[in-house]
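Shown below: data-v7.tsv, with TSV, C-alpha atoms and all ligand atoms.
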chain	number	residue	atom	x	y	z
A	1201	GLY	CA	81.40	73.18	117.85
A	1202	ILE	CA	85.12	73.87	117.71
A	1203	TYR	CA	86.11	77.50	117.94
A	1204	LEU	CA	89.16	78.22	115.80
A	1205	ASP	CA	88.66	81.93	115.31
A	1206	TYR	CA	90.68	83.38	118.19
A	1207	ASN	CA	92.13	85.99	115.82
A	1208	ALA	CA	88.62	87.40	115.39
A	1209	THR	CA	88.01	87.55	119.11
A	1210	THR	CA	88.60	85.59	122.29
A	1211	PRO	CA	86.27	84.75	125.14
A	1212	VAL	CA	86.86	86.73	128.32
A	1213	ASP	CA	88.94	84.59	130.67
A	1214	PRO	CA	86.71	83.67	133.65
A	1215	GLU	CA	89.39	85.02	136.02
A	1216	VAL	CA	89.33	88.31	134.14
A	1217	TYR	CA	85.56	88.44	134.35
A	1218	ALA	CA	85.71	87.83	138.10
A	1219	ARG	CA	88.13	90.75	138.52
A	1220	MET	CA	85.88	93.05	136.49
A	1221	GLU	CA	82.65	92.30	138.27
A	1222	PRO	CA	83.13	94.38	141.45
A	1223	TYR	CA	83.73	97.45	139.29
A	1224	PHE	CA	80.17	97.22	137.98
A	1225	LYS	CA	78.88	96.91	141.54
A	1226	GLU	CA	80.40	98.16	144.78
A	1227	TYR	CA	83.36	99.91	143.10
A	1228	PHE	CA	81.27	101.86	140.62
A	1229	GLY	CA	82.97	105.23	141.28
A	1230	ASN	CA	84.29	107.66	138.71
A	1231	PRO	CA	88.10	107.70	138.80
A	1232	ALA	CA	87.94	111.47	138.26
A	1233	SER	CA	86.10	111.94	141.58
A	1234	ALA	CA	89.10	112.95	143.65
A	1235	GLY	CA	87.18	113.76	146.82
A	1236	HIS	CA	85.91	110.39	148.10
A	1237	HIS	CA	86.76	106.76	148.41
A	1238	TRP	CA	84.44	105.64	145.61
A	1239	GLY	CA	86.55	107.70	143.23
A	1240	TRP	CA	89.85	106.64	144.76
A	1241	ALA	CA	89.00	102.95	144.51
A	1242	ALA	CA	88.23	103.32	140.81
A	1243	ASP	CA	91.33	105.42	140.21
A	1244	ASN	CA	93.54	102.91	142.00
A	1245	ALA	CA	92.13	100.11	139.86
A	1246	VAL	CA	92.83	102.05	136.67
A	1247	GLN	CA	96.40	102.77	137.80
A	1248	LYS	CA	96.97	99.13	138.58
A	1249	ALA	CA	95.67	98.12	135.15
A	1250	ARG	CA	97.89	100.67	133.45
A	1251	GLY	CA	100.90	99.11	135.18
A	1252	GLN	CA	99.86	95.57	134.20
A	1253	VAL	CA	99.48	96.51	130.54
A	1254	ALA	CA	102.73	98.51	130.56
A	1255	SER	CA	104.59	95.55	131.99
A	1256	LEU	CA	103.40	93.20	129.22
A	1257	ILE	CA	104.73	95.47	126.46
A	1258	GLY	CA	107.80	96.94	128.18
A	1259	ALA	CA	106.47	100.49	128.51
A	1260	LYS	CA	106.02	102.90	131.41
A	1261	ALA	CA	102.53	103.20	132.83
A	1262	ASN	CA	102.30	106.88	131.88
A	1263	GLU	CA	102.89	105.97	128.24
A	1264	LEU	CA	99.52	104.23	127.89
A	1265	ILE	CA	96.21	105.82	127.00
A	1266	PHE	CA	93.12	103.63	127.21
A	1267	THR	CA	90.91	103.69	124.13
A	1268	SER	CA	87.88	101.79	122.88
A	1269	GLY	CA	90.16	99.44	120.97
A	1270	ALA	CA	92.71	99.22	118.22
A	1271	THR	CA	90.46	100.75	115.58
A	1272	GLU	CA	90.25	103.96	117.58
A	1273	ALA	CA	93.96	103.91	118.37
A	1274	ASN	CA	94.94	103.42	114.71
A	1275	ASN	CA	92.66	106.24	113.58
A	1276	TRP	CA	93.87	108.48	116.37
A	1277	VAL	CA	97.55	108.12	115.47
A	1278	ILE	CA	96.92	109.12	111.87
A	1279	PHE	CA	94.47	111.98	112.40
A	1280	GLY	CA	96.00	113.12	115.70
A	1281	LEU	CA	99.36	113.55	113.99
A	1282	ILE	CA	97.89	115.28	110.94
A	1283	SER	CA	96.06	117.79	113.11
A	1284	LYS	CA	99.14	118.41	115.25
A	1285	LEU	CA	101.32	119.06	112.19
A	1286	ARG	CA	98.70	121.21	110.48
A	1287	ASN	CA	98.33	123.31	113.66
A	1288	GLU	CA	102.07	123.90	113.60
A	1289	ASN	CA	102.32	124.63	109.90
A	1290	PRO	CA	99.26	124.38	107.64
A	1291	TYR	CA	101.38	124.56	104.49
A	1292	GLU	CA	103.99	121.92	105.24
A	1293	PRO	CA	103.42	118.79	103.15
A	1294	ILE	CA	102.88	115.52	105.05
A	1295	HIS	CA	103.92	112.09	103.81
A	1296	MET	CA	103.11	108.76	105.48
A	1297	ILE	CA	104.27	105.24	104.68
A	1298	THR	CA	102.23	102.12	105.31
A	1299	SER	CA	101.69	98.75	103.61
A	1300	CYS	CA	99.04	97.13	101.46
A	1301	VAL	CA	98.25	94.41	104.05
A	1302	GLU	CA	97.21	96.59	106.98
A	1303	HIS	CA	94.03	96.05	108.97
A	1304	SER	CA	91.16	98.04	107.46
A	1305	SER	CA	91.25	100.47	110.40
A	1306	THR	CA	94.69	101.65	109.26
A	1307	MET	CA	94.07	101.26	105.55
A	1308	LYS	CA	90.78	103.18	105.47
A	1309	ALA	CA	92.10	105.89	107.79
A	1310	MET	CA	95.12	106.32	105.49
A	1311	GLU	CA	92.76	106.59	102.50
A	1312	ALA	CA	90.79	109.25	104.37
A	1313	ALA	CA	94.07	111.04	105.13
A	1314	GLN	CA	94.80	111.14	101.39
A	1315	LYS	CA	91.57	113.13	100.99
A	1316	LEU	CA	93.04	115.63	103.49
A	1317	ASN	CA	95.98	116.14	101.14
A	1318	VAL	CA	98.31	113.81	102.97
A	1319	GLU	CA	100.59	111.85	100.66
A	1320	VAL	CA	100.47	108.13	101.51
A	1321	ASP	CA	102.58	105.28	100.13
A	1322	PHE	CA	101.09	101.80	100.49
A	1323	LEU	CA	104.17	99.60	100.16
A	1324	PRO	CA	103.83	96.14	98.60
A	1325	VAL	CA	104.84	93.08	100.63
A	1326	ASN	CA	106.69	89.88	99.77
A	1327	LEU	CA	104.90	86.57	99.17
A	1328	TYR	CA	104.84	85.97	102.93
A	1329	GLY	CA	103.24	89.33	103.62
A	1330	GLN	CA	106.29	91.12	104.99
A	1331	VAL	CA	107.39	94.66	104.35
A	1332	ASP	CA	110.99	94.98	103.15
A	1333	PRO	CA	112.89	97.37	105.46
A	1334	GLU	CA	115.03	98.53	102.54
A	1335	ALA	CA	111.89	99.46	100.61
A	1336	VAL	CA	110.80	101.45	103.65
A	1337	ARG	CA	114.12	103.30	103.64
A	1338	LYS	CA	113.78	104.08	99.94
A	1339	ALA	CA	110.25	105.38	100.37
A	1340	ILE	CA	111.32	108.05	102.88
A	1341	LYS	CA	110.92	111.64	101.72
A	1342	PRO	CA	112.01	114.87	103.41
A	1343	HIS	CA	108.44	115.40	104.63
A	1344	THR	CA	107.76	111.81	105.82
A	1345	LYS	CA	106.18	112.11	109.26
A	1346	LEU	CA	104.82	108.66	110.02
A	1347	MET	CA	105.37	105.01	109.20
A	1348	SER	CA	102.67	102.58	110.22
A	1349	PHE	CA	103.02	98.83	109.85
A	1350	ILE	CA	101.03	95.94	111.26
A	1351	TRP	CA	103.24	93.83	113.55
A	1352	VAL	CA	101.45	90.47	113.21
A	1353	ASN	CA	99.02	90.17	110.34
A	1354	ASN	CA	95.50	89.30	111.48
A	1355	GLU	CA	94.71	87.19	108.42
A	1356	ILE	CA	97.89	85.29	107.66
A	1357	GLY	CA	99.81	85.57	110.94
A	1358	THR	CA	103.03	86.85	109.38
A	1359	ILE	CA	105.36	88.83	111.65
A	1360	ASN	CA	106.78	92.02	110.14
A	1361	PRO	CA	110.45	92.95	110.76
A	1362	ILE	CA	109.41	95.71	113.17
A	1363	SER	CA	112.77	95.92	114.90
A	1364	GLU	CA	114.65	96.68	111.63
A	1365	ILE	CA	111.97	99.14	110.58
A	1366	ALA	CA	112.20	100.85	113.97
A	1367	LYS	CA	115.93	101.43	113.45
A	1368	ILE	CA	115.26	103.05	110.08
A	1369	ALA	CA	112.51	105.21	111.56
A	1370	LYS	CA	114.80	106.34	114.35
A	1371	GLU	CA	117.74	107.15	112.04
A	1372	ASN	CA	115.44	109.35	110.02
A	1373	GLN	CA	113.56	110.85	112.99
A	1374	ILE	CA	110.21	109.62	111.73
A	1375	TYR	CA	107.52	108.31	114.06
A	1376	LEU	CA	106.94	104.56	113.85
A	1377	HIS	CA	103.48	103.30	114.72
A	1378	THR	CA	102.62	99.63	114.80
A	1379	ASP	CA	99.27	97.92	115.00
A	1380	ALA	CA	100.16	95.19	117.48
A	1381	THR	CA	96.63	93.91	118.03
A	1382	GLN	CA	97.60	90.37	116.99
A	1383	ALA	CA	101.10	90.53	118.47
A	1384	VAL	CA	100.49	91.59	122.08
A	1385	GLY	CA	100.23	88.59	124.37
A	1386	LYS	CA	101.35	86.22	121.59
A	1387	ILE	CA	104.97	87.18	121.03
A	1388	PRO	CA	107.38	88.70	123.55
A	1389	MET	CA	108.01	92.39	123.07
A	1390	ASN	CA	109.61	95.42	124.63
A	1391	VAL	CA	108.55	98.65	122.94
A	1392	THR	CA	111.19	100.66	124.79
A	1393	GLU	CA	114.09	98.46	123.66
A	1394	LEU	CA	112.75	98.26	120.11
A	1395	GLY	CA	112.29	102.02	119.85
A	1396	ILE	CA	108.65	101.92	118.80
A	1397	ASP	CA	106.96	105.32	119.10
A	1398	LEU	CA	103.28	104.44	118.98
A	1399	MET	CA	101.50	101.10	119.32
A	1400	SER	CA	97.82	100.09	119.17
A	1401	PHE	CA	96.14	97.01	120.60
A	1402	SER	CA	92.83	95.67	121.86
A	1403	GLY	CA	91.56	93.83	124.94
A	1404	HIS	CA	89.34	91.28	123.24
A	1405	LYS	CA	92.19	89.57	121.41
A	1406	ILE	CA	93.92	88.74	124.69
A	1407	TYR	CA	91.00	87.28	126.68
A	1408	GLY	CA	89.89	90.68	127.96
A	1409	PRO	CA	86.61	92.43	127.16
A	1410	LYS	CA	85.59	94.01	123.87
A	1411	GLY	CA	85.43	97.79	123.46
A	1412	VAL	CA	88.66	98.51	125.32
A	1413	GLY	CA	92.23	98.82	124.11
A	1414	ALA	CA	95.18	101.12	124.38
A	1415	LEU	CA	97.56	103.35	122.53
A	1416	PHE	CA	101.18	103.39	123.67
A	1417	ILE	CA	102.72	106.84	123.15
A	1418	ARG	CA	106.47	107.10	123.84
A	1419	SER	CA	107.20	109.73	126.49
A	1420	LYS	CA	110.82	110.55	125.67
A	1421	ASP	CA	113.71	110.23	123.18
A	1422	PRO	CA	111.70	111.37	121.36
A	1423	LYS	CA	108.60	112.50	123.20
A	1424	VAL	CA	105.87	111.71	120.71
A	1425	GLN	CA	103.25	114.38	120.23
A	1426	ILE	CA	99.87	113.97	118.63
A	1427	ASN	CA	96.68	115.97	119.11
A	1428	PRO	CA	93.77	114.52	121.09
A	1429	LEU	CA	91.15	112.69	119.08
A	1430	ILE	CA	88.44	113.41	121.65
A	1431	TYR	CA	88.21	116.69	123.56
A	1432	GLY	CA	86.35	117.15	126.82
A	1433	GLY	CA	86.93	116.74	130.52
A	1434	GLY	CA	90.64	116.14	130.16
A	1435	GLN	CA	90.89	112.48	131.16
A	1436	GLU	CA	93.96	110.50	130.10
A	1437	ARG	CA	96.26	113.53	130.34
A	1438	GLY	CA	93.88	115.52	128.17
A	1439	LEU	CA	94.51	113.23	125.22
A	1440	ARG	CA	91.38	111.10	125.36
A	1441	SER	CA	88.49	112.65	127.24
A	1442	GLY	CA	85.46	110.82	128.52
A	1443	THR	CA	84.77	108.94	131.74
A	1444	LEU	CA	86.94	105.86	131.83
A	1445	ASN	CA	85.36	102.45	131.29
A	1446	VAL	CA	86.70	101.18	134.60
A	1447	PRO	CA	85.48	97.53	134.52
A	1448	ALA	CA	86.81	97.08	130.98
A	1449	ILE	CA	90.16	98.68	131.87
A	1450	VAL	CA	90.45	96.44	134.94
A	1451	GLY	CA	89.73	93.49	132.64
A	1452	LEU	CA	92.33	94.56	130.09
A	1453	GLY	CA	94.89	94.95	132.87
A	1454	PHE	CA	94.30	91.54	134.36
A	1455	ALA	CA	94.14	89.94	130.91
A	1456	ALA	CA	97.58	91.42	130.24
A	1457	GLU	CA	98.91	90.03	133.51
A	1458	ILE	CA	97.72	86.51	132.67
A	1459	CYS	CA	99.20	86.72	129.17
A	1460	GLN	CA	102.53	87.82	130.57
A	1461	ARG	CA	102.58	85.02	133.15
A	1462	HIS	CA	102.07	82.31	130.51
A	1463	LEU	CA	103.54	83.97	127.42
A	1464	TYR	CA	106.32	81.50	126.61
A	1465	THR	CA	104.59	78.28	127.66
A	1466	GLU	CA	101.38	79.22	125.87
A	1467	ALA	CA	103.23	80.25	122.70
A	1468	ALA	CA	105.05	76.89	122.69
A	1469	ARG	CA	101.81	74.97	123.31
A	1470	LEU	CA	99.97	76.80	120.51
A	1471	LEU	CA	102.87	76.39	118.12
A	1472	SER	CA	102.93	72.63	118.59
A	1473	LEU	CA	99.13	72.40	118.16
A	1474	ARG	CA	99.32	74.49	115.01
A	1475	GLN	CA	102.10	72.30	113.64
A	1476	LEU	CA	100.00	69.23	114.38
A	1477	LEU	CA	97.04	70.75	112.55
A	1478	TRP	CA	99.14	71.65	109.53
A	1479	GLN	CA	100.71	68.17	109.48
A	1480	LYS	CA	97.26	66.53	109.54
A	1481	LEU	CA	95.82	68.83	106.88
A	1482	GLN	CA	98.75	68.33	104.52
A	1483	VAL	CA	98.19	64.57	104.61
A	1484	ALA	CA	94.40	64.79	104.44
A	1485	ILE	CA	94.05	67.40	101.70
A	1486	PRO	CA	96.43	67.10	98.74
A	1487	GLY	CA	97.10	70.47	97.14
A	1488	ILE	CA	96.51	72.45	100.33
A	1489	ARG	CA	98.83	75.45	100.75
A	1490	MET	CA	99.83	77.45	103.77
A	1491	ASN	CA	99.74	81.25	103.50
A	1492	GLY	CA	102.12	83.57	105.27
A	1493	HIS	CA	105.64	82.96	106.50
A	1494	PRO	CA	106.53	79.36	107.46
A	1495	THR	CA	108.35	80.38	110.65
A	1496	GLU	CA	108.08	84.16	111.11
A	1497	ARG	CA	104.46	83.87	112.14
A	1498	SER	CA	102.23	84.05	115.15
A	1499	PRO	CA	102.18	80.65	116.90
A	1500	ASN	CA	98.37	80.52	116.86
A	1501	ASN	CA	97.58	81.25	113.22
A	1502	LEU	CA	97.20	78.88	110.28
A	1503	SER	CA	95.96	80.32	107.00
A	1504	VAL	CA	95.41	77.74	104.27
A	1505	THR	CA	94.27	77.77	100.67
A	1506	LEU	CA	92.26	74.67	99.79
A	1507	PRO	CA	91.83	73.02	96.39
A	1508	VAL	CA	88.16	74.05	96.49
A	1509	LYS	CA	86.23	77.27	97.18
A	1510	THR	CA	85.16	77.67	100.78
A	1511	ASP	CA	81.54	78.62	100.00
A	1512	SER	CA	80.95	75.04	98.85
A	1513	LEU	CA	82.16	73.77	102.23
A	1514	LEU	CA	80.29	76.04	104.57
A	1515	SER	CA	77.50	73.57	105.27
A	1516	HIS	CA	80.15	71.04	106.38
A	1517	LEU	CA	81.98	73.59	108.43
A	1518	GLN	CA	79.12	74.78	110.60
A	1519	LYS	CA	80.60	73.06	113.63
A	1520	LEU	CA	83.89	74.78	112.98
A	1521	GLY	CA	84.34	78.42	113.92
A	1522	VAL	CA	86.77	79.65	111.27
A	1523	SER	CA	87.14	82.69	108.99
A	1524	THR	CA	87.20	82.79	105.20
A	1525	GLY	CA	89.33	84.91	102.89
A	1526	SER	CA	86.43	86.58	101.25
A	1527	ALA	CA	83.17	88.11	102.35
A	1528	CYS	CA	79.90	88.11	100.50
A	1529	SER	CA	78.58	91.64	100.73
A	1530	SER	CA	75.20	92.06	99.02
A	1531	GLY	CA	75.84	89.27	96.57
A	1532	ALA	CA	79.24	90.50	95.40
A	1533	MET	CA	82.39	88.72	96.49
A	1534	THR	CA	84.91	91.00	98.10
A	1535	VAL	CA	88.29	89.38	98.29
A	1536	SER	CA	90.60	90.17	101.18
A	1537	HIS	CA	93.15	92.86	100.30
A	1538	VAL	CA	95.68	90.98	102.43
A	1539	LEU	CA	95.40	87.81	100.33
A	1540	ARG	CA	95.55	89.91	97.16
A	1541	GLY	CA	98.57	91.66	98.65
A	1542	ILE	CA	100.49	88.37	98.91
A	1543	GLY	CA	99.63	87.50	95.33
A	1544	LEU	CA	96.61	85.22	95.65
A	1545	ASN	CA	94.12	85.46	92.81
A	1546	SER	CA	90.41	85.77	93.42
A	1547	ASP	CA	89.76	81.99	93.20
A	1548	GLN	CA	92.55	81.26	95.67
A	1549	ALA	CA	91.32	83.92	98.07
A	1550	GLN	CA	87.86	82.39	97.87
A	1551	SER	CA	89.41	79.03	98.78
A	1552	THR	CA	91.18	80.34	101.85
A	1553	LEU	CA	90.45	79.60	105.50
A	1554	ARG	CA	91.97	81.14	108.60
A	1555	LEU	CA	92.22	78.78	111.55
A	1556	SER	CA	93.34	80.55	114.70
A	1557	LEU	CA	94.02	78.75	117.95
A	1558	GLY	CA	93.82	80.02	121.50
A	1559	ARG	CA	93.87	79.42	125.24
A	1560	TRP	CA	91.17	76.75	125.25
A	1561	THR	CA	92.17	74.90	122.09
A	1562	THR	CA	93.00	71.25	122.84
A	1563	GLU	CA	94.82	68.56	120.89
A	1564	ASN	CA	91.54	66.67	120.65
A	1565	GLU	CA	89.87	69.67	119.03
A	1566	ILE	CA	92.72	69.96	116.53
A	1567	LEU	CA	92.37	66.31	115.52
A	1568	ARG	CA	88.59	66.65	115.18
A	1569	ALA	CA	88.91	69.87	113.21
A	1570	ALA	CA	91.32	68.18	110.79
A	1571	ASP	CA	88.79	65.34	110.32
A	1572	ILE	CA	85.93	67.75	109.72
A	1573	LEU	CA	87.95	69.59	107.09
A	1574	GLN	CA	89.06	66.39	105.40
A	1575	ASN	CA	85.47	65.16	105.19
A	1576	ALA	CA	84.27	68.49	103.85
A	1577	ILE	CA	86.51	68.34	100.77
A	1578	PRO	CA	84.72	66.55	97.89
A	1579	LYS	CA	86.37	63.19	97.27
A	1580	LYS	CA	86.86	63.71	93.54
A	1581	ILE	CA	89.14	66.62	94.36
A	1582	VAL	CA	91.04	64.68	97.01
B	1	LIG	N1	94.02	95.63	114.02
B	1	LIG	C1	94.11	94.31	113.90
B	1	LIG	C2	95.38	93.71	113.39
B	1	LIG	C3	93.04	93.51	114.26
B	1	LIG	O1	93.14	92.18	114.13
B	1	LIG	C4	91.86	94.10	114.74
B	1	LIG	C5	90.65	93.26	115.13
B	1	LIG	N2	90.24	92.40	114.10
B	1	LIG	C6	91.82	95.50	114.87
B	1	LIG	C7	92.92	96.22	114.50
B	1	LIG	C8	90.62	96.21	115.38
B	1	LIG	O2	90.42	95.98	116.73
B	1	LIG	P1	89.09	96.48	117.43
B	1	LIG	O3	87.96	95.93	116.64
B	1	LIG	O4	89.15	95.92	118.79
B	1	LIG	O5	89.10	97.97	117.40

Here is the file; what I need is its structure written in the form of C-alpha cells.
Ligand code: PMP
Amino acid sequence: GIYLDYNATTPVDPEVYARMEPYFKEYFGNPASAGHHWGWAADNAVQKARGQVASLIGAKANELIFTSGATEANNWVIFGLISKLRNENPYEPIHMITSCVEHSSTMKAMEAAQKLNVEVDFLPVNLYGQVDPEAVRKAIKPHTKLMSFIWVNNEIGTINPISEIAKIAKENQIYLHTDATQAVGKIPMNVTELGIDLMSFSGHKIYGPKGVGALFIRSKDPKVQINPLIYGGGQERGLRSGTLNVPAIVGLGFAAEICQRHLYTEAARLLSLRQLLWQKLQVAIPGIRMNGHPTERSPNNLSVTLPVKTDSLLSHLQKLGVSTGSACSSGAMTVSHVLRGIGLNSDQAQSTLRLSLGRWTTENEILRAADILQNAIPKKIV
C-alpha cells in the first residue's frame, strides 16, 4: 500500500528508534534520582532532548515542558490559565478567542471552558481556512486573557497568519497560544522572534514516538504563568508532575534534531511532490477541487474535493492510506467542522480526501497514487 496519511501520524524514524532503545534497557534510571549514575544518565538524556527540541522552534530549553502530546498541551493551556486567573480573582470575567477550524482538542476544551463560565469567541475563517488578524483585533475585550489559533491546519494544511496575530496579542498584552502540531518540523519557525507565548506540539507527527509532546511556555517579556494541570512530585518545574517518559523524550529530541537538519530540503522535496500529485489529479479527475490556501499551506498536505462521495471509493482506495472529510459514527455521518468552516456543504465534505506526504514518500508512489485515484472515480463522472 501507499501511505499518504502523514498528517495523522508518522512512523518512528529508524534512527530515532535506535536512540530510544538504550533508555528502555541499560539507561532505565529515573531522572529524578539525583544520587546515582542511573539517574544522572537519564537526566542528561532528558536535558539533551530539551535542547534539541528548543533549537528546532527557537526557544530556550527551560521554556519546554514535556507532555503526553498536543492534546494534553492544548487542554493544559486553557484550563491551566483559567485556574490561575480564578485563583487570583474568582469574580473577574475571562474571555478567550479561538477559531472555528481548531483541532478538536482545542475546540472541545474551549467548549468545556464555556461551561465554567468562560466567554469564548469562535472566529470564522476565510475560504482558505485563515483567521483574519483584523477580526482578532476587533474581538478583543477588556477581559480577553487568551487567544488560541492553530498554526497549520491538520485537515487542509492552511497556514494561519500567526506572526500578525502575535503582534496584536502583544500590543494588547494577551497571551497567544498556538497549536503547532502540524507546523513544527514542516515550516521554519522561531517562537522567540515571533513573540508566541505558548505553543503545543506532538512527537508522532515528526517521526518521533506517540504519547509524547511538549508545551512551550515563554519565560520572559512576558513571563507566562499558568497553573499545573497535574500535581505531584514536582517534575518539570512543578508544572507537570509524574516520572518522565525518558525513552519517548529522547525520541522526540532526536526527531527534532533530524527535522531541523533537513527542514528546508525536505520542505522543498515535499512541495514538489505535492505539486506533481495535484497536477496529475487535476488532469485525471475533471471537477476536482483543492481545499485550503493555494500557497500559504504546509508543503506536505493536499486536501481535495472529488466529484463523487468518498464512501463509494473506499473499496478502490484500500491500498491507499488517506483520510476522509467525514467519519461514520454509529451510522450517522459527521462532517468535519473544518470543512464546514471553510464553507463546504455536507456532500462536498463527504467527497473530500486528505492526502498527506512525508519523509518516505517517493515520486513513484505519487504517480501510482494518482493512478489509483483516477481508476477509482466512476467513468461516467469523469
Ligand atoms: N493538534 C493538531 C493540529 C493535530 O493534528 C493533532 C493530531 N491529529 C493534535 C493536536 C493532537 O495530537 P496528539 O494526538 O498527539 O495529542

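Where the distance criterion is 6 Å and the atoms used are all atoms listed in the file, the residues close to ligand LIG 1 (chain B) are Ala1208, Gly1269, Ala1270, Thr1271, His1303, Asn1353, Asn1354, Asp1379, Thr1381, Gln1382 and Ser1402 of chain A.
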
Show which residues sit within 7 Å of range 1509-1516 of chain A, as a VMD selection string. Count only C-alpha atoms, and ignore same-chain residues fewer than 4 positions away.
-> chain A and resid 1550 to 1552 1576

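Between Lys1248 in chain A and the candidates A:Ala1261, A:Ile1458, A:Val1277, A:Ala1313, the tightest atom-to-atom separation, counting only C-alpha atoms, involves A:Ala1261.
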
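Atom pair CA of Gly1239 in chain A / CA of Phe1416 in chain A has a distance of 24.8 Å (rounded to one decimal).
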
Name the residues in contact with Ala1456 in chain A at a cut-off of 7 Å, using all atoms listed in the file, excluding same-chain residues fewer than 2 positions from it; report them as a PyMOL selection string.
-> chain A and resi 1252-1253+1256+1452-1454+1458-1460

Using only C-alpha atoms, which residues of range 1306-1367 of chain A come within 10 Å of range 1553-1572 of chain A, and what is the closest atom pair for each, with the distance in Å to one decimal? Give it as a Markdown table, sorted by chain and residue number.
| residue | atom | partner | partner_atom | distance |
| --- | --- | --- | --- | --- |
| A:Asn1354 | CA | A:Arg1554 | CA | 9.3 |
| A:Glu1355 | CA | A:Arg1554 | CA | 6.6 |
| A:Ile1356 | CA | A:Arg1554 | CA | 7.3 |
| A:Gly1357 | CA | A:Ser1556 | CA | 9.0 |

What is the distance, in Å and to one decimal place, between CA of Ile1417 in chain A and CA of Glu1263 in chain A?
->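 Separation of CA of Ile1417 in chain A and CA of Glu1263 in chain A: 5.2 Å.
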
At a cut-off of 12 Å around the point (86.5, 107.7, 142.9) (file coordinates), what residues fall inside when counting all atoms listed in the file? I'd like the answer as a PDB file with C-alpha atoms, in the frame of the given file.
ATOM      1  CA  TYR A1223      83.730  97.450 139.290  1.00  0.00           C
ATOM      2  CA  GLU A1226      80.400  98.160 144.780  1.00  0.00           C
ATOM      3  CA  TYR A1227      83.360  99.910 143.100  1.00  0.00           C
ATOM      4  CA  PHE A1228      81.270 101.860 140.620  1.00  0.00           C
ATOM      5  CA  GLY A1229      82.970 105.230 141.280  1.00  0.00           C
ATOM      6  CA  ASN A1230      84.290 107.660 138.710  1.00  0.00           C
ATOM      7  CA  PRO A1231      88.100 107.700 138.800  1.00  0.00           C
ATOM      8  CA  ALA A1232      87.940 111.470 138.260  1.00  0.00           C
ATOM      9  CA  SER A1233      86.100 111.940 141.580  1.00  0.00           C
ATOM     10  CA  ALA A1234      89.100 112.950 143.650  1.00  0.00           C
ATOM     11  CA  GLY A1235      87.180 113.760 146.820  1.00  0.00           C
ATOM     12  CA  HIS A1236      85.910 110.390 148.100  1.00  0.00           C
ATOM     13  CA  HIS A1237      86.760 106.760 148.410  1.00  0.00           C
ATOM     14  CA  TRP A1238      84.440 105.640 145.610  1.00  0.00           C
ATOM     15  CA  GLY A1239      86.550 107.700 143.230  1.00  0.00           C
ATOM     16  CA  TRP A1240      89.850 106.640 144.760  1.00  0.00           C
ATOM     17  CA  ALA A1241      89.000 102.950 144.510  1.00  0.00           C
ATOM     18  CA  ALA A1242      88.230 103.320 140.810  1.00  0.00           C
ATOM     19  CA  ASP A1243      91.330 105.420 140.210  1.00  0.00           C
ATOM     20  CA  ASN A1244      93.540 102.910 142.000  1.00  0.00           C
ATOM     21  CA  ALA A1245      92.130 100.110 139.860  1.00  0.00           C
ATOM     22  CA  VAL A1246      92.830 102.050 136.670  1.00  0.00           C
ATOM     23  CA  THR A1443      84.770 108.940 131.740  1.00  0.00           C
ATOM     24  CA  LEU A1444      86.940 105.860 131.830  1.00  0.00           C
ATOM     25  CA  VAL A1446      86.700 101.180 134.600  1.00  0.00           C
TER      26      VAL A1446
END
